[in-house]
Amino acid sequence: MVAAARLLPSEHLPCTAHILQRTVTVSIHGSGFESVLAKCRKIVGHFKHSPSNAHELMEQQVACGQKQESLVQDVTTRWNSTLEMVKRIQRNKSPLTTTLAQQKSNVTMLTAQELAKLQKLEELLEPCRYVTELLGGEQYISCSVVLPALCHLFKIMEATEDDPAYVVKFKNDFTSDLSKRKDSTNLTWLKIATAIDPRFKDLKCLPKDERNEVWASLSKLLMAESPGKQESKETTDQHPPKKRRISVLLVSSDSESDEEEESIEQCLNRYKAEPKCTWRVVHYSGGEREKQHMPGWHQ
């Protein structure tokens, strides 16, 4: 797919959701979570492979006043399946403990320390799940969200003094791997897409020394697509008129003569001076932490 995209006369933007999939997989491997995840898989397999065991678990779920639900087995190609496996075991720890004790099975329930590890892993993966779902949207443009979303993940994955060693290892591996993969994306066009999104035009997701370069690149692009140059080129080449793309985003709905009077720089300056669009605050399903700096929907 990548080789085919390179042959097309278009800019290639790699799949950021797939990049995130690889980064999470690399970070989990060798971070201290593998042993507890292996134990989770044994527990899930114990109930997945036996209808009678699964029935007993559902009976215990009813006895505990919980919703009946089956456990989820994770797969290596979908890291979010690992998150779902962890969440369901966390939700059903009481029914699981009782059922495994009654069955006197060789499969044992997770210890309190192991459950605490699962909780830490859930907190690490939940922001990644949100970003993956956001980037996988089909009803809206997502390329302008990529850099703000990655910036958010880098902030989330900053190690703190309170983090245990295995969490620090996960965060360090995550930021290191994601940084390498980010460099292989088409950063030039991602930056331009972010700049022309009214929600993120302050470019706070980029270092300060890169922001002026983005506006300079956008100015050059607009100059190349200005109506006068397009008409001159179209007259010479005798091609059908091309549509003005980015430039129409930076001018008001005044008459055509007014649009031609304003220079590209005036349009850009006016666009930057306008207030940013806002977005609603959403919450992680596992907690009440507000994602005020995350991309979301317009209010």
# chains A, B, ... in the order shown; residues from 1 in each chain; ligands from 1
>>> select_by_dssp(residues="region 28-214 of chain A", states="alpha helix (DSSP H)", output="PyMOL selection string")
chain A and resi 28+34-48+51-63+79-91+93-103+112-135+146-156+165-183+187-195+208-214
>>> residues_around(residues="Lys169 (chain A)", least_positions_apart="2", cutoff="9 Å", atoms="only C-alpha atoms", output="PDB file with all heavy atoms, in the first residue's frame")
ATOM      1  N   SER A  27       5.752  -0.791  23.370  1.00  0.00           N
ATOM      2  CA  SER A  27       5.853  -0.302  24.749  1.00  0.00           C
ATOM      3  C   SER A  27       5.429  -1.361  25.764  1.00  0.00           C
ATOM      4  O   SER A  27       6.015  -1.458  26.851  1.00  0.00           O
ATOM      5  CB  SER A  27       5.003   0.958  24.918  1.00  0.00           C
ATOM      6  OG  SER A  27       5.385   1.952  23.991  1.00  0.00           O
ATOM      7  N   GLY A  30       8.124  -6.043  27.251  1.00  0.00           N
ATOM      8  CA  GLY A  30       9.276  -5.822  28.113  1.00  0.00           C
ATOM      9  C   GLY A  30       9.131  -4.707  29.116  1.00  0.00           C
ATOM     10  O   GLY A  30      10.116  -4.285  29.734  1.00  0.00           O
ATOM     11  N   SER A  31       7.904  -4.207  29.331  1.00  0.00           N
ATOM     12  CA  SER A  31       7.715  -3.082  30.246  1.00  0.00           C
ATOM     13  C   SER A  31       7.344  -3.514  31.663  1.00  0.00           C
ATOM     14  O   SER A  31       7.205  -2.678  32.541  1.00  0.00           O
ATOM     15  CB  SER A  31       6.610  -2.158  29.705  1.00  0.00           C
ATOM     16  OG  SER A  31       5.381  -2.855  29.644  1.00  0.00           O
ATOM     17  N   GLY A  32       7.147  -4.806  31.893  1.00  0.00           N
ATOM     18  CA  GLY A  32       6.737  -5.271  33.212  1.00  0.00           C
ATOM     19  C   GLY A  32       5.279  -5.649  33.276  1.00  0.00           C
ATOM     20  O   GLY A  32       4.815  -6.160  34.297  1.00  0.00           O
ATOM     21  N   ALA A 159       7.037  10.940  32.402  1.00  0.00           N
ATOM     22  CA  ALA A 159       7.205  10.213  33.661  1.00  0.00           C
ATOM     23  C   ALA A 159       7.217  11.183  34.843  1.00  0.00           C
ATOM     24  O   ALA A 159       7.692  12.318  34.733  1.00  0.00           O
ATOM     25  CB  ALA A 159       8.504   9.420  33.626  1.00  0.00           C
ATOM     26  N   PRO A 164       5.697   4.044  39.335  1.00  0.00           N
ATOM     27  CA  PRO A 164       6.567   2.890  39.584  1.00  0.00           C
ATOM     28  C   PRO A 164       7.490   2.638  38.400  1.00  0.00           C
ATOM     29  O   PRO A 164       7.271   3.166  37.297  1.00  0.00           O
ATOM     30  CB  PRO A 164       5.575   1.742  39.788  1.00  0.00           C
ATOM     31  CG  PRO A 164       4.299   2.201  39.172  1.00  0.00           C
ATOM     32  CD  PRO A 164       4.279   3.681  39.263  1.00  0.00           C
ATOM     33  N   ALA A 165       8.492   1.803  38.602  1.00  0.00           N
ATOM     34  CA  ALA A 165       9.528   1.593  37.587  1.00  0.00           C
ATOM     35  C   ALA A 165       8.949   1.055  36.285  1.00  0.00           C
ATOM     36  O   ALA A 165       9.356   1.472  35.191  1.00  0.00           O
ATOM     37  CB  ALA A 165      10.600   0.649  38.125  1.00  0.00           C
ATOM     38  N   TYR A 166       7.969   0.139  36.379  1.00  0.00           N
ATOM     39  CA  TYR A 166       7.433  -0.452  35.152  1.00  0.00           C
ATOM     40  C   TYR A 166       6.613   0.563  34.348  1.00  0.00           C
ATOM     41  O   TYR A 166       6.556   0.482  33.120  1.00  0.00           O
ATOM     42  CB  TYR A 166       6.601  -1.700  35.470  1.00  0.00           C
ATOM     43  CG  TYR A 166       5.438  -1.488  36.410  1.00  0.00           C
ATOM     44  CD1 TYR A 166       4.182  -1.127  35.933  1.00  0.00           C
ATOM     45  CD2 TYR A 166       5.586  -1.659  37.780  1.00  0.00           C
ATOM     46  CE1 TYR A 166       3.108  -0.932  36.786  1.00  0.00           C
ATOM     47  CE2 TYR A 166       4.517  -1.465  38.649  1.00  0.00           C
ATOM     48  CZ  TYR A 166       3.282  -1.113  38.150  1.00  0.00           C
ATOM     49  OH  TYR A 166       2.223  -0.918  39.017  1.00  0.00           O
ATOM     50  N   VAL A 167       5.993   1.525  35.024  1.00  0.00           N
ATOM     51  CA  VAL A 167       5.265   2.582  34.312  1.00  0.00           C
ATOM     52  C   VAL A 167       6.241   3.543  33.638  1.00  0.00           C
ATOM     53  O   VAL A 167       6.025   3.966  32.492  1.00  0.00           O
ATOM     54  CB  VAL A 167       4.334   3.347  35.278  1.00  0.00           C
ATOM     55  CG1 VAL A 167       3.726   4.568  34.587  1.00  0.00           C
ATOM     56  CG2 VAL A 167       3.223   2.427  35.780  1.00  0.00           C
ATOM     57  N   LYS A 171       6.420   4.399  29.660  1.00  0.00           N
ATOM     58  CA  LYS A 171       6.331   5.762  29.143  1.00  0.00           C
ATOM     59  C   LYS A 171       7.565   6.134  28.327  1.00  0.00           C
ATOM     60  O   LYS A 171       7.451   6.767  27.269  1.00  0.00           O
ATOM     61  CB  LYS A 171       6.143   6.745  30.304  1.00  0.00           C
ATOM     62  CG  LYS A 171       4.770   6.686  30.960  1.00  0.00           C
ATOM     63  CD  LYS A 171       4.634   7.723  32.058  1.00  0.00           C
ATOM     64  CE  LYS A 171       3.218   7.765  32.618  1.00  0.00           C
ATOM     65  NZ  LYS A 171       3.071   8.797  33.676  1.00  0.00           N
ATOM     66  N   ASN A 172       8.743   5.745  28.801  1.00  0.00           N
ATOM     67  CA  ASN A 172       9.966   6.062  28.071  1.00  0.00           C
ATOM     68  C   ASN A 172      10.006   5.343  26.720  1.00  0.00           C
ATOM     69  O   ASN A 172      10.384   5.936  25.698  1.00  0.00           O
ATOM     70  CB  ASN A 172      11.193   5.684  28.904  1.00  0.00           C
ATOM     71  CG  ASN A 172      11.388   6.599  30.105  1.00  0.00           C
ATOM     72  OD1 ASN A 172      10.866   7.717  30.135  1.00  0.00           O
ATOM     73  ND2 ASN A 172      12.128   6.140  31.086  1.00  0.00           N
ATOM     74  N   ASP A 173       9.628   4.074  26.715  1.00  0.00           N
ATOM     75  CA  ASP A 173       9.602   3.323  25.455  1.00  0.00           C
ATOM     76  C   ASP A 173       8.559   3.911  24.500  1.00  0.00           C
ATOM     77  O   ASP A 173       8.782   3.980  23.287  1.00  0.00           O
ATOM     78  CB  ASP A 173       9.275   1.845  25.728  1.00  0.00           C
ATOM     79  CG  ASP A 173      10.426   1.124  26.413  1.00  0.00           C
ATOM     80  OD1 ASP A 173      11.533   1.688  26.468  1.00  0.00           O
ATOM     81  OD2 ASP A 173      10.211  -0.004  26.901  1.00  0.00           O
ATOM     82  N   PHE A 174       7.437   4.324  25.059  1.00  0.00           N
ATOM     83  CA  PHE A 174       6.356   4.882  24.235  1.00  0.00           C
ATOM     84  C   PHE A 174       6.812   6.167  23.552  1.00  0.00           C
ATOM     85  O   PHE A 174       6.671   6.322  22.338  1.00  0.00           O
ATOM     86  CB  PHE A 174       5.132   5.145  25.113  1.00  0.00           C
ATOM     87  CG  PHE A 174       3.921   5.608  24.361  1.00  0.00           C
ATOM     88  CD1 PHE A 174       2.956   4.710  23.970  1.00  0.00           C
ATOM     89  CD2 PHE A 174       3.743   6.958  24.050  1.00  0.00           C
ATOM     90  CE1 PHE A 174       1.830   5.129  23.269  1.00  0.00           C
ATOM     91  CE2 PHE A 174       2.629   7.386  23.349  1.00  0.00           C
ATOM     92  CZ  PHE A 174       1.669   6.463  22.966  1.00  0.00           C
TER      93      PHE A 174
END
>>> atom_distance(atom1="CA of Leu96 (chain A)", atom2="CA of Ile28 (chain A)")
24.5 Å
>>> decode(residues="region 193-204 of chain A", atoms="all heavy atoms", output="PDB file, in the first residue's frame")
ATOM      1  N   ALA A 193      -2.083  21.435   7.579  1.00  0.00           N
ATOM      2  CA  ALA A 193      -3.462  21.059   7.907  1.00  0.00           C
ATOM      3  C   ALA A 193      -3.849  21.560   9.291  1.00  0.00           C
ATOM      4  O   ALA A 193      -4.966  22.025   9.512  1.00  0.00           O
ATOM      5  CB  ALA A 193      -3.619  19.537   7.834  1.00  0.00           C
ATOM      6  N   THR A 194      -2.913  21.498  10.235  1.00  0.00           N
ATOM      7  CA  THR A 194      -3.184  21.992  11.592  1.00  0.00           C
ATOM      8  C   THR A 194      -3.377  23.501  11.591  1.00  0.00           C
ATOM      9  O   THR A 194      -4.256  24.026  12.279  1.00  0.00           O
ATOM     10  CB  THR A 194      -2.016  21.614  12.523  1.00  0.00           C
ATOM     11  OG1 THR A 194      -1.803  20.195  12.478  1.00  0.00           O
ATOM     12  CG2 THR A 194      -2.331  22.012  13.961  1.00  0.00           C
ATOM     13  N   ALA A 195      -2.572  24.192  10.806  1.00  0.00           N
ATOM     14  CA  ALA A 195      -2.652  25.664  10.774  1.00  0.00           C
ATOM     15  C   ALA A 195      -3.978  26.157  10.220  1.00  0.00           C
ATOM     16  O   ALA A 195      -4.497  27.190  10.674  1.00  0.00           O
ATOM     17  CB  ALA A 195      -1.494  26.232   9.948  1.00  0.00           C
ATOM     18  N   ILE A 196      -4.555  25.466   9.249  1.00  0.00           N
ATOM     19  CA  ILE A 196      -5.803  25.945   8.645  1.00  0.00           C
ATOM     20  C   ILE A 196      -7.035  25.362   9.330  1.00  0.00           C
ATOM     21  O   ILE A 196      -8.154  25.544   8.855  1.00  0.00           O
ATOM     22  CB  ILE A 196      -5.846  25.646   7.129  1.00  0.00           C
ATOM     23  CG1 ILE A 196      -5.769  24.141   6.857  1.00  0.00           C
ATOM     24  CG2 ILE A 196      -4.750  26.387   6.406  1.00  0.00           C
ATOM     25  CD1 ILE A 196      -5.892  23.791   5.387  1.00  0.00           C
ATOM     26  N   ASP A 197      -6.830  24.658  10.444  1.00  0.00           N
ATOM     27  CA  ASP A 197      -7.949  24.224  11.275  1.00  0.00           C
ATOM     28  C   ASP A 197      -8.172  25.302  12.337  1.00  0.00           C
ATOM     29  O   ASP A 197      -7.272  25.557  13.152  1.00  0.00           O
ATOM     30  CB  ASP A 197      -7.636  22.880  11.938  1.00  0.00           C
ATOM     31  CG  ASP A 197      -8.856  22.272  12.632  1.00  0.00           C
ATOM     32  OD1 ASP A 197      -9.646  23.035  13.231  1.00  0.00           O
ATOM     33  OD2 ASP A 197      -9.016  21.043  12.571  1.00  0.00           O
ATOM     34  N   PRO A 198      -9.331  25.961  12.355  1.00  0.00           N
ATOM     35  CA  PRO A 198      -9.554  27.068  13.294  1.00  0.00           C
ATOM     36  C   PRO A 198      -9.418  26.694  14.759  1.00  0.00           C
ATOM     37  O   PRO A 198      -9.262  27.568  15.605  1.00  0.00           O
ATOM     38  CB  PRO A 198     -10.996  27.518  12.979  1.00  0.00           C
ATOM     39  CG  PRO A 198     -11.256  27.036  11.600  1.00  0.00           C
ATOM     40  CD  PRO A 198     -10.492  25.764  11.454  1.00  0.00           C
ATOM     41  N   ARG A 199      -9.461  25.403  15.080  1.00  0.00           N
ATOM     42  CA  ARG A 199      -9.319  24.983  16.476  1.00  0.00           C
ATOM     43  C   ARG A 199      -7.864  24.996  16.940  1.00  0.00           C
ATOM     44  O   ARG A 199      -7.585  25.181  18.120  1.00  0.00           O
ATOM     45  CB  ARG A 199      -9.890  23.576  16.663  1.00  0.00           C
ATOM     46  CG  ARG A 199     -11.371  23.451  16.391  1.00  0.00           C
ATOM     47  CD  ARG A 199     -11.797  21.993  16.399  1.00  0.00           C
ATOM     48  NE  ARG A 199     -11.183  21.246  15.302  1.00  0.00           N
ATOM     49  CZ  ARG A 199     -11.315  19.931  15.130  1.00  0.00           C
ATOM     50  NH1 ARG A 199     -12.020  19.231  15.991  1.00  0.00           N
ATOM     51  NH2 ARG A 199     -10.739  19.321  14.108  1.00  0.00           N
ATOM     52  N   PHE A 200      -6.929  24.780  16.010  1.00  0.00           N
ATOM     53  CA  PHE A 200      -5.535  24.566  16.398  1.00  0.00           C
ATOM     54  C   PHE A 200      -4.579  25.532  15.712  1.00  0.00           C
ATOM     55  O   PHE A 200      -3.384  25.272  15.631  1.00  0.00           O
ATOM     56  CB  PHE A 200      -5.120  23.123  16.058  1.00  0.00           C
ATOM     57  CG  PHE A 200      -6.117  22.096  16.483  1.00  0.00           C
ATOM     58  CD1 PHE A 200      -6.726  21.265  15.549  1.00  0.00           C
ATOM     59  CD2 PHE A 200      -6.472  21.946  17.810  1.00  0.00           C
ATOM     60  CE1 PHE A 200      -7.659  20.319  15.930  1.00  0.00           C
ATOM     61  CE2 PHE A 200      -7.395  21.011  18.200  1.00  0.00           C
ATOM     62  CZ  PHE A 200      -8.001  20.187  17.263  1.00  0.00           C
ATOM     63  N   LYS A 201      -5.092  26.655  15.199  1.00  0.00           N
ATOM     64  CA  LYS A 201      -4.246  27.557  14.419  1.00  0.00           C
ATOM     65  C   LYS A 201      -3.187  28.262  15.265  1.00  0.00           C
ATOM     66  O   LYS A 201      -2.257  28.857  14.705  1.00  0.00           O
ATOM     67  CB  LYS A 201      -5.111  28.595  13.706  1.00  0.00           C
ATOM     68  CG  LYS A 201      -5.891  29.510  14.646  1.00  0.00           C
ATOM     69  CD  LYS A 201      -6.718  30.489  13.847  1.00  0.00           C
ATOM     70  CE  LYS A 201      -7.495  31.423  14.775  1.00  0.00           C
ATOM     71  NZ  LYS A 201      -8.248  32.435  14.027  1.00  0.00           N
ATOM     72  N   ASP A 202      -3.262  28.192  16.591  1.00  0.00           N
ATOM     73  CA  ASP A 202      -2.204  28.767  17.422  1.00  0.00           C
ATOM     74  C   ASP A 202      -0.936  27.912  17.376  1.00  0.00           C
ATOM     75  O   ASP A 202       0.126  28.341  17.817  1.00  0.00           O
ATOM     76  CB  ASP A 202      -2.664  28.944  18.864  1.00  0.00           C
ATOM     77  CG  ASP A 202      -3.179  27.648  19.486  1.00  0.00           C
ATOM     78  OD1 ASP A 202      -3.002  26.570  18.882  1.00  0.00           O
ATOM     79  OD2 ASP A 202      -3.765  27.715  20.585  1.00  0.00           O
ATOM     80  N   LEU A 203      -1.061  26.682  16.834  1.00  0.00           N
ATOM     81  CA  LEU A 203       0.075  25.774  16.639  1.00  0.00           C
ATOM     82  C   LEU A 203       0.839  25.505  17.934  1.00  0.00           C
ATOM     83  O   LEU A 203       2.065  25.343  17.936  1.00  0.00           O
ATOM     84  CB  LEU A 203       1.029  26.341  15.583  1.00  0.00           C
ATOM     85  CG  LEU A 203       0.452  26.513  14.163  1.00  0.00           C
ATOM     86  CD1 LEU A 203       1.502  27.106  13.235  1.00  0.00           C
ATOM     87  CD2 LEU A 203      -0.043  25.190  13.617  1.00  0.00           C
ATOM     88  N   LYS A 204       0.119  25.437  19.047  1.00  0.00           N
ATOM     89  CA  LYS A 204       0.769  25.153  20.323  1.00  0.00           C
ATOM     90  C   LYS A 204       1.300  23.725  20.406  1.00  0.00           C
ATOM     91  O   LYS A 204       2.075  23.404  21.297  1.00  0.00           O
ATOM     92  CB  LYS A 204      -0.207  25.405  21.478  1.00  0.00           C
ATOM     93  CG  LYS A 204      -0.472  26.882  21.722  1.00  0.00           C
ATOM     94  CD  LYS A 204      -1.327  27.093  22.961  1.00  0.00           C
ATOM     95  CE  LYS A 204      -1.526  28.579  23.231  1.00  0.00           C
ATOM     96  NZ  LYS A 204      -2.371  28.812  24.441  1.00  0.00           N
TER      97      LYS A 204
END
